[in-house]
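Inspection log for the structure reproduced underneath, given as structure tokens.
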Amino acid sequence: MRNAQLASAMSLPFAMTVSLDWFRSNCLFVAGLATGVPLLVVLLNVIWQLILPRRSTDPPIVFHWIPFVGSAISYGNDPLKFFFECQQKHGDVFTFILLGRRVTVALGQKGNNFVLGGKSTVFNAEDAYTHLTTPVFGKEVIYDVPNEVFMEQKRFIKVGLSTEHMRSYVGMIEEEVEEFLQHDPLFNTHQIRGSPEWGSFDVVKFMQEVTILTASRTLQGREIRQSLDKTFAELYNDLDGGFTPMNFMFPNLPLPSYRRRDWAHKKMSEFYINFIRKRRACGSDDHEPDMISALMQQKYRNGRSLTDREIAHMMIALLMAGQHTSSASGSWALLHLAANPDVADALYKEQVKHFQTPAGTLRSLTYEELRALPVLDSVIRETLRIHPPIHSIMRYVREDVPVPASLSAPSENSIYIVPKGHYVLASPAVSQADPNIWNNAGEWNPYRWNDAQGVAAQALKTYIDESGEKVDYGFGAVSKGTESPYQPFGAGKHRCVGENFAYLQLGTLLSTVIRQMELKIEDVPHNDYHQRINEHFIDYDYYAQNSQKNILPKKDNINRP
């Protein structure tokens, strides 16, 4: 017995050594497997791209190391750089892998026309975007309905953007901006009369807040504007959190941000529906003209009126879409004006020239006059050229589509075909920054729009095409504009119906700010595509020293810090 115990004790170190060796060898095997399998997958993916034959009609595929992920990282880091590099290597038509999706890109003016001028039954926007927009906007509107219904809904919205409504919106926006400058803590220095100090404000935060206030005051109406509080702002932020590239690629992940998005949509939808029901019950027209009242009076072609839910969800869509475009564009415009004091000074002098009264004050803006200010117009258009609201416009391909040989072709005797199941992508942002089209394409230069024979003027003429053929896609006759190198609000049947309102909102906002203060910043920041636009601070000096808007000379540069 004792000998057996002794033998067992003596064998224990040997057993432990064997166990440790087994553990080490298995760990090394697992580690090798964990390293080797991904490397093998990458290797096979590379071999597949380099060796396996492809159909001659398939557009060239952008080389990528990791399957499924594809070119998502390069595209996400800097879309325009990615497009230009691929264009240089493959031409105007190529395909890249975006998290498992095959996206065929068509660049340049002809590429824009190919995608944005295509039939909606073939290049379909609803299939491309409904999984992103429907959880945010809601059911039964925009991309959750057939294209012909969406076109009717755009027609309804245009009624609320009539010239009569737009005239009334100018004063509302001016009033909201002035109120914000006078009372918001962002502008503490501005609010101290006669202060010799320069202040500083976060231009992004300012534009985010003031655009939602002005949009709600105009499109949403006075009553909705008065209902905006901290709770509404939190709901808006949670809803906005569902409008990201991750939501586009993965629409229903079990994450807190997705749950907050869904809860925010539910509460905001209920808010609008309750408001609409109260207005219907009241039955009075004793209120300012607004979008809700306009939509309540509309009917589809089959005679059906809009439901309260449809109106509520269209109002959410208007709030979200309008705020994003104007907020980002306005932020960039103020940053460029702060970095280019000569342009800001020209803009200020234009205000004095057109709006100075005999008493030495600046009177209020009007809709007609706002549309006839060339410096202001050039500032907005150049900002939209350099910083377009959208860099990529996608459509889902429902059937095989041949690519026009004039756009791109593998040879003189064959053509490319975009296969069914792909996505097609147009990027007007590329043609707006193309050095082969624009002189000093990367330079912010509003004066390029003053040359009647220049590229900018010709591009704008093609985009607006006032004397050319108009097309009625279901929401009123508009110019196609698909062949212009300048398309800040898209083109074709999906051209933004709120384009004129965006110009009015930006024009009124910039005019009101430039009347009140002088701006400065060392350099304009670069685009960061990981965020819509980061926080950036602008220094300002308030030179309208009283509420009567007296026109005073700007402070001497020598006294500035």
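A note on labels: chains of the structure tokens are A, B, ... as shown, every chain counts residues from 1, and ligands are counted from 1 in their shown order.
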Q. So which residues of stretch 336-524 of chain A fall under strand (DSSP E or B) by DSSP, listed as a VMD selection string?
A. chain A and resid 356 361 to 362 393 to 397 401 to 402 411 414 417 to 418 423 to 426 470 to 472 477 to 479 517 to 520
Store the residues of this selection in a file with N, CA and C atoms, as a compact mmCIF listing (two decimals), in the first residue's frame.
# COMPACT_ATOMS: atom_id res chain seq x y z
N GLN A 356 -30.18 99.55 -46.28
CA GLN A 356 -29.97 100.69 -45.41
C GLN A 356 -31.13 101.67 -45.53
N THR A 361 -30.17 102.59 -40.34
CA THR A 361 -30.39 101.23 -39.84
C THR A 361 -30.59 100.28 -41.01
N LEU A 362 -30.61 99.02 -40.72
CA LEU A 362 -30.89 98.00 -41.73
C LEU A 362 -32.30 97.48 -41.52
N ILE A 393 -25.25 58.85 -53.68
CA ILE A 393 -26.68 58.60 -53.90
C ILE A 393 -26.81 57.21 -54.50
N MET A 394 -27.53 56.33 -53.82
CA MET A 394 -27.61 54.94 -54.24
C MET A 394 -29.00 54.56 -54.75
N ARG A 395 -29.01 53.55 -55.61
CA ARG A 395 -30.24 52.94 -56.10
C ARG A 395 -30.01 51.42 -56.15
N TYR A 396 -31.08 50.66 -55.93
CA TYR A 396 -31.01 49.21 -56.06
C TYR A 396 -31.37 48.83 -57.48
N VAL A 397 -30.60 47.91 -58.07
CA VAL A 397 -30.79 47.52 -59.47
C VAL A 397 -31.75 46.34 -59.55
N VAL A 401 -28.77 46.12 -66.44
CA VAL A 401 -28.81 47.40 -67.15
C VAL A 401 -27.51 47.61 -67.91
N PRO A 402 -27.58 47.84 -69.21
CA PRO A 402 -26.36 48.13 -69.97
C PRO A 402 -25.86 49.54 -69.69
N SER A 411 -14.32 47.77 -74.24
CA SER A 411 -13.68 47.84 -75.55
C SER A 411 -14.64 48.50 -76.53
N SER A 414 -17.76 46.04 -77.15
CA SER A 414 -18.55 45.47 -76.06
C SER A 414 -18.92 46.56 -75.06
N ILE A 417 -22.34 45.75 -68.26
CA ILE A 417 -23.72 45.54 -67.83
C ILE A 417 -23.72 45.51 -66.30
N VAL A 418 -24.57 46.34 -65.70
CA VAL A 418 -24.73 46.32 -64.25
C VAL A 418 -25.73 45.23 -63.91
N TYR A 423 -26.10 47.44 -56.33
CA TYR A 423 -26.50 48.82 -56.09
C TYR A 423 -25.72 49.68 -57.08
N VAL A 424 -26.35 50.75 -57.56
CA VAL A 424 -25.60 51.73 -58.34
C VAL A 424 -25.45 52.98 -57.50
N LEU A 425 -24.35 53.67 -57.71
CA LEU A 425 -24.04 54.85 -56.90
C LEU A 425 -23.59 55.99 -57.80
N ALA A 426 -24.21 57.13 -57.63
CA ALA A 426 -23.77 58.37 -58.28
C ALA A 426 -23.21 59.29 -57.21
N LYS A 470 -39.07 70.81 -69.34
CA LYS A 470 -39.41 70.45 -67.97
C LYS A 470 -40.07 69.07 -67.95
N VAL A 471 -39.87 68.38 -66.84
CA VAL A 471 -40.44 67.05 -66.67
C VAL A 471 -41.28 67.04 -65.41
N ASP A 472 -42.50 66.50 -65.50
CA ASP A 472 -43.36 66.38 -64.33
C ASP A 472 -43.31 64.94 -63.85
N ALA A 477 -43.78 70.32 -62.63
CA ALA A 477 -42.74 70.33 -63.66
C ALA A 477 -41.44 70.90 -63.11
N VAL A 478 -40.35 70.18 -63.32
CA VAL A 478 -39.02 70.63 -62.89
C VAL A 478 -38.03 70.28 -63.99
N SER A 479 -36.89 70.98 -63.98
CA SER A 479 -35.82 70.62 -64.90
C SER A 479 -35.12 69.37 -64.37
N MET A 517 -22.40 90.73 -36.59
CA MET A 517 -21.06 90.52 -36.04
C MET A 517 -20.02 90.26 -37.11
N GLU A 518 -18.79 90.48 -36.72
CA GLU A 518 -17.63 90.19 -37.55
C GLU A 518 -17.03 88.87 -37.06
N LEU A 519 -16.58 88.04 -37.98
CA LEU A 519 -16.11 86.70 -37.64
C LEU A 519 -14.65 86.51 -38.03
N LYS A 520 -13.96 85.63 -37.33
CA LYS A 520 -12.60 85.30 -37.74
C LYS A 520 -12.23 83.90 -37.25
Note to self: Can you tell me which residues surround stretch 231-243 of chain A at a distance of at most 7 Å, considering only C-alpha atoms, apart from same-chain residues fewer than 2 positions away, and format the answer as a ChimeraX atom specification?
What the structure shows: /A:132,136,228-229,247,257-258,260-261,264-265
Keeping only C-alpha atoms, write those residues as an mmCIF file, in the first residue's frame.
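Here's the written file part-v1.cif:
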data_model
loop_
_atom_site.group_PDB
_atom_site.id
_atom_site.type_symbol
_atom_site.label_atom_id
_atom_site.label_comp_id
_atom_site.auth_asym_id
_atom_site.auth_seq_id
_atom_site.Cartn_x
_atom_site.Cartn_y
_atom_site.Cartn_z
ATOM 1 C CA LEU A 132 -32.715 53.269 -43.154
ATOM 2 C CA VAL A 136 -36.809 57.142 -38.490
ATOM 3 C CA LEU A 228 -40.055 72.587 -28.397
ATOM 4 C CA ASP A 229 -38.491 71.825 -25.044
ATOM 5 C CA ASN A 247 -28.123 51.885 -39.579
ATOM 6 C CA SER A 257 -29.151 53.294 -29.903
ATOM 7 C CA TYR A 258 -31.609 51.329 -32.035
ATOM 8 C CA ARG A 260 -33.765 54.710 -28.408
ATOM 9 C CA ARG A 261 -34.434 55.433 -32.091
ATOM 10 C CA ALA A 264 -38.170 58.348 -30.007
ATOM 11 C CA HIS A 265 -40.059 57.742 -33.245
#
| task | Can you pull out every residue within 6 Å of stretch 374-388 of chain A, counting only C-alpha atoms, but drop anything in the same chain fewer than 2 positions away, and send it as a list in words? | result | Ala333, Leu347, Ile390, Gln432, Pro446, Trp449 and Pro488 of chain A
* With a distance cut-off of 9 Å and only C-alpha atoms, select the neighbouring residues of A:Ile276, excluding the residue or stretch itself and same-chain residues fewer than 6 positions from it, and output the selection as a PyMOL selection string. => chain A and resi 292-293+296+308+311-312
Next, dump the selected residues to file, keeping only N, CA and C atoms, as a short mmCIF file (atom, residue, chain, number, x, y, z; two decimals), in the first residue's frame.
data_model
loop_
_atom_site.label_atom_id
_atom_site.label_comp_id
_atom_site.auth_asym_id
_atom_site.auth_seq_id
_atom_site.Cartn_x
_atom_site.Cartn_y
_atom_site.Cartn_z
N ILE A 292 -48.50 71.81 -41.76
CA ILE A 292 -49.54 70.90 -41.29
C ILE A 292 -50.89 71.28 -41.88
N SER A 293 -51.23 72.56 -41.85
CA SER A 293 -52.51 72.99 -42.42
C SER A 293 -52.56 72.72 -43.92
N MET A 296 -53.13 68.93 -44.42
CA MET A 296 -54.47 68.50 -44.02
C MET A 296 -55.50 68.73 -45.13
N ASP A 308 -53.90 61.07 -40.47
CA ASP A 308 -53.13 61.81 -39.46
C ASP A 308 -51.72 61.22 -39.32
N ILE A 311 -49.49 62.39 -42.21
CA ILE A 311 -49.07 63.78 -42.01
C ILE A 311 -48.00 63.86 -40.93
N ALA A 312 -48.20 63.12 -39.84
CA ALA A 312 -47.23 63.14 -38.74
C ALA A 312 -45.87 62.66 -39.21
#
Restricting the calculation to only C-alpha atoms: of A:Ser269, A:Ser392, A:Gln87, A:Thr244, which residue gets closest to A:Asp434?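 Closest to A:Asp434, using only C-alpha atoms: A:Gln87.
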Within 10 Å of A:Thr482, counting only C-alpha atoms, which residues qualify if same-chain residues fewer than 3 places away don't, as a list in words?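 Counting only C-alpha atoms, the residues come to Gln109, Lys110, Gly111, Asn112, Asn113, Phe114, Val115, Leu116, Gly117, Gly118, Pro428, Thr462, Tyr463, Ser479, Pro485, Tyr486, Gln487, Gly490, Ala491, Gly492, Lys493 and Arg495 of chain A.
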With C-alpha atoms kept, could you save the residues just selected as a PDB file, in the first residue's frame?
ATOM      1  CA  GLN A 109     -21.566  64.123 -65.513  1.00  0.00           C
ATOM      2  CA  LYS A 110     -22.542  61.136 -67.635  1.00  0.00           C
ATOM      3  CA  GLY A 111     -22.419  58.876 -64.603  1.00  0.00           C
ATOM      4  CA  ASN A 112     -24.753  61.194 -62.695  1.00  0.00           C
ATOM      5  CA  ASN A 113     -27.151  61.207 -65.632  1.00  0.00           C
ATOM      6  CA  PHE A 114     -26.994  57.406 -65.959  1.00  0.00           C
ATOM      7  CA  VAL A 115     -27.976  56.799 -62.327  1.00  0.00           C
ATOM      8  CA  LEU A 116     -30.165  59.781 -61.445  1.00  0.00           C
ATOM      9  CA  GLY A 117     -31.863  59.930 -64.827  1.00  0.00           C
ATOM     10  CA  GLY A 118     -32.689  56.213 -64.814  1.00  0.00           C
ATOM     11  CA  PRO A 428     -22.349  64.568 -57.798  1.00  0.00           C
ATOM     12  CA  THR A 462     -27.779  73.412 -66.924  1.00  0.00           C
ATOM     13  CA  TYR A 463     -28.927  72.525 -63.399  1.00  0.00           C
ATOM     14  CA  SER A 479     -35.820  70.620 -64.903  1.00  0.00           C
ATOM     15  CA  PRO A 485     -21.646  68.858 -62.969  1.00  0.00           C
ATOM     16  CA  TYR A 486     -23.281  70.860 -60.155  1.00  0.00           C
ATOM     17  CA  GLN A 487     -26.098  69.023 -58.338  1.00  0.00           C
ATOM     18  CA  GLY A 490     -29.728  65.825 -56.447  1.00  0.00           C
ATOM     19  CA  ALA A 491     -31.441  65.635 -59.812  1.00  0.00           C
ATOM     20  CA  GLY A 492     -34.233  63.912 -61.674  1.00  0.00           C
ATOM     21  CA  LYS A 493     -37.364  62.714 -59.932  1.00  0.00           C
ATOM     22  CA  ARG A 495     -34.388  66.130 -56.670  1.00  0.00           C
TER      23      ARG A 495
END
All residues 12 Å or closer to A:Lys154, only C-alpha atoms, same chain fewer than 5 positions away omitted, as a PyMOL selection string
chain A and resi 141-143+147-149+159-161+295+298+300+314+317-318+472-476+493-498
How would you write, as JSON, numbers by chain, the set of residues in stretch 269-395 of chain A that DSSP gives as alpha helix (DSSP H)?
{"A": [269, 270, 271, 272, 273, 274, 275, 276, 277, 278, 279, 280, 281, 282, 291, 292, 293, 294, 295, 296, 308, 309, 310, 311, 312, 313, 314, 315, 316, 317, 318, 319, 320, 321, 322, 323, 324, 325, 326, 327, 328, 329, 330, 331, 332, 333, 334, 335, 336, 337, 338, 339, 341, 342, 343, 344, 345, 346, 347, 348, 349, 350, 351, 352, 353, 354, 355, 367, 368, 369, 370, 374, 375, 376, 377, 378, 379, 380, 381, 382, 383, 384, 385, 386]}
Just the selected residues (C-alpha atoms), exported as a PDB file, in the first residue's frame, please.
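Saved result, result-v8.pdb, follows:
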ATOM      1  CA  SER A 269     -45.260  60.325 -33.946  1.00  0.00           C
ATOM      2  CA  GLU A 270     -47.754  60.436 -31.074  1.00  0.00           C
ATOM      3  CA  PHE A 271     -46.882  64.098 -30.468  1.00  0.00           C
ATOM      4  CA  TYR A 272     -47.723  65.103 -34.035  1.00  0.00           C
ATOM      5  CA  ILE A 273     -50.823  62.905 -34.274  1.00  0.00           C
ATOM      6  CA  ASN A 274     -52.264  64.395 -31.081  1.00  0.00           C
ATOM      7  CA  PHE A 275     -51.530  67.900 -32.355  1.00  0.00           C
ATOM      8  CA  ILE A 276     -53.222  67.199 -35.713  1.00  0.00           C
ATOM      9  CA  ARG A 277     -56.282  65.727 -34.002  1.00  0.00           C
ATOM     10  CA  LYS A 278     -56.604  68.792 -31.775  1.00  0.00           C
ATOM     11  CA  ARG A 279     -56.414  71.068 -34.795  1.00  0.00           C
ATOM     12  CA  ARG A 280     -59.063  69.039 -36.619  1.00  0.00           C
ATOM     13  CA  ALA A 281     -61.307  69.122 -33.565  1.00  0.00           C
ATOM     14  CA  CYS A 282     -60.880  72.889 -33.247  1.00  0.00           C
ATOM     15  CA  MET A 291     -47.111  72.823 -43.478  1.00  0.00           C
ATOM     16  CA  ILE A 292     -49.543  70.898 -41.294  1.00  0.00           C
ATOM     17  CA  SER A 293     -52.512  72.990 -42.422  1.00  0.00           C
ATOM     18  CA  ALA A 294     -51.375  72.601 -46.045  1.00  0.00           C
ATOM     19  CA  LEU A 295     -51.104  68.813 -45.754  1.00  0.00           C
ATOM     20  CA  MET A 296     -54.473  68.503 -44.023  1.00  0.00           C
ATOM     21  CA  ASP A 308     -53.127  61.805 -39.463  1.00  0.00           C
ATOM     22  CA  ARG A 309     -50.324  59.241 -39.300  1.00  0.00           C
ATOM     23  CA  GLU A 310     -49.141  60.071 -42.820  1.00  0.00           C
ATOM     24  CA  ILE A 311     -49.073  63.784 -42.005  1.00  0.00           C
ATOM     25  CA  ALA A 312     -47.231  63.136 -38.737  1.00  0.00           C
ATOM     26  CA  HIS A 313     -44.568  61.034 -40.431  1.00  0.00           C
ATOM     27  CA  MET A 314     -44.137  63.537 -43.259  1.00  0.00           C
ATOM     28  CA  MET A 315     -43.581  66.236 -40.639  1.00  0.00           C
ATOM     29  CA  ILE A 316     -40.891  64.105 -38.982  1.00  0.00           C
ATOM     30  CA  ALA A 317     -39.227  63.600 -42.369  1.00  0.00           C
ATOM     31  CA  LEU A 318     -39.306  67.350 -43.061  1.00  0.00           C
ATOM     32  CA  LEU A 319     -37.820  68.145 -39.666  1.00  0.00           C
ATOM     33  CA  MET A 320     -34.990  65.641 -40.034  1.00  0.00           C
ATOM     34  CA  ALA A 321     -34.097  66.263 -43.677  1.00  0.00           C
ATOM     35  CA  GLY A 322     -34.260  70.053 -43.511  1.00  0.00           C
ATOM     36  CA  GLN A 323     -32.238  70.335 -40.330  1.00  0.00           C
ATOM     37  CA  HIS A 324     -29.366  68.178 -41.565  1.00  0.00           C
ATOM     38  CA  THR A 325     -28.892  69.959 -44.878  1.00  0.00           C
ATOM     39  CA  SER A 326     -29.068  73.520 -43.587  1.00  0.00           C
ATOM     40  CA  SER A 327     -27.134  72.848 -40.379  1.00  0.00           C
ATOM     41  CA  ALA A 328     -24.084  71.387 -42.108  1.00  0.00           C
ATOM     42  CA  SER A 329     -24.142  73.823 -45.046  1.00  0.00           C
ATOM     43  CA  GLY A 330     -24.613  76.834 -42.778  1.00  0.00           C
ATOM     44  CA  SER A 331     -21.744  75.739 -40.530  1.00  0.00           C
ATOM     45  CA  TRP A 332     -19.369  75.461 -43.480  1.00  0.00           C
ATOM     46  CA  ALA A 333     -20.503  78.814 -44.874  1.00  0.00           C
ATOM     47  CA  LEU A 334     -19.796  80.605 -41.577  1.00  0.00           C
ATOM     48  CA  LEU A 335     -16.413  78.880 -41.262  1.00  0.00           C
ATOM     49  CA  HIS A 336     -15.397  80.021 -44.745  1.00  0.00           C
ATOM     50  CA  LEU A 337     -16.658  83.559 -44.139  1.00  0.00           C
ATOM     51  CA  ALA A 338     -14.666  83.707 -40.903  1.00  0.00           C
ATOM     52  CA  ALA A 339     -11.540  82.581 -42.769  1.00  0.00           C
ATOM     53  CA  PRO A 341     -12.845  88.435 -44.223  1.00  0.00           C
ATOM     54  CA  ASP A 342     -12.828  90.038 -47.679  1.00  0.00           C
ATOM     55  CA  VAL A 343     -15.839  87.948 -48.712  1.00  0.00           C
ATOM     56  CA  ALA A 344     -17.575  88.569 -45.380  1.00  0.00           C
ATOM     57  CA  ASP A 345     -16.987  92.305 -45.839  1.00  0.00           C
ATOM     58  CA  ALA A 346     -18.453  92.177 -49.358  1.00  0.00           C
ATOM     59  CA  LEU A 347     -21.466  90.349 -47.972  1.00  0.00           C
ATOM     60  CA  TYR A 348     -21.924  92.996 -45.269  1.00  0.00           C
ATOM     61  CA  LYS A 349     -21.621  95.843 -47.781  1.00  0.00           C
ATOM     62  CA  GLU A 350     -24.228  94.157 -49.959  1.00  0.00           C
ATOM     63  CA  GLN A 351     -26.614  94.214 -47.005  1.00  0.00           C
ATOM     64  CA  VAL A 352     -25.926  97.914 -46.450  1.00  0.00           C
ATOM     65  CA  LYS A 353     -26.412  98.712 -50.137  1.00  0.00           C
ATOM     66  CA  HIS A 354     -29.809  97.043 -50.389  1.00  0.00           C
ATOM     67  CA  PHE A 355     -31.308  97.456 -46.927  1.00  0.00           C
ATOM     68  CA  TYR A 367     -38.285  87.168 -50.069  1.00  0.00           C
ATOM     69  CA  GLU A 368     -37.914  88.917 -53.429  1.00  0.00           C
ATOM     70  CA  GLU A 369     -34.877  90.958 -52.352  1.00  0.00           C
ATOM     71  CA  LEU A 370     -33.199  87.928 -50.813  1.00  0.00           C
ATOM     72  CA  PRO A 374     -25.404  88.118 -55.932  1.00  0.00           C
ATOM     73  CA  VAL A 375     -22.720  87.944 -53.215  1.00  0.00           C
ATOM     74  CA  LEU A 376     -24.980  86.014 -50.853  1.00  0.00           C
ATOM     75  CA  ASP A 377     -26.074  83.707 -53.653  1.00  0.00           C
ATOM     76  CA  SER A 378     -22.453  83.015 -54.629  1.00  0.00           C
ATOM     77  CA  VAL A 379     -21.441  82.262 -51.034  1.00  0.00           C
ATOM     78  CA  ILE A 380     -24.221  79.691 -50.669  1.00  0.00           C
ATOM     79  CA  ARG A 381     -23.625  78.048 -54.053  1.00  0.00           C
ATOM     80  CA  GLU A 382     -19.865  77.792 -53.572  1.00  0.00           C
ATOM     81  CA  THR A 383     -20.318  76.309 -50.100  1.00  0.00           C
ATOM     82  CA  LEU A 384     -22.703  73.712 -51.507  1.00  0.00           C
ATOM     83  CA  ARG A 385     -20.198  72.928 -54.258  1.00  0.00           C
ATOM     84  CA  ILE A 386     -17.308  72.318 -51.856  1.00  0.00           C
TER      85      ILE A 386
END
When you draw a straight line from atom CA of A:Val210 to atom CA of A:Leu509, how long is it in Å?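 The value is 8.7 Å.
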**OP:** Find the residue from A:Gly360, A:Pro59, A:Gly76, A:Pro525 that sits nearest to A:Ile538; use only C-alpha atoms when measuring.
**Re:**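 Comparing A:Gly360, A:Pro59, A:Gly76, A:Pro525 against A:Ile538, the winner is A:Pro525.
Interatomic distance, atom CA of A:Met268 to atom CA of A:Thr214: 18.5 Å.
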For this session: Using only C-alpha atoms, pick whichever of A:Leu181, A:Tyr447, A:Glu483, A:Asp528 has the shortest atom-to-atom distance to A:Gly108.
Result: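 Ranked by minimum distance to A:Gly108, first place goes to A:Glu483.
Among the candidates A:Lys81, A:Arg101, A:Lys158, A:Lys205, the residue lying nearest to A:Met249 is A:Arg101 (atoms considered: only C-alpha atoms).
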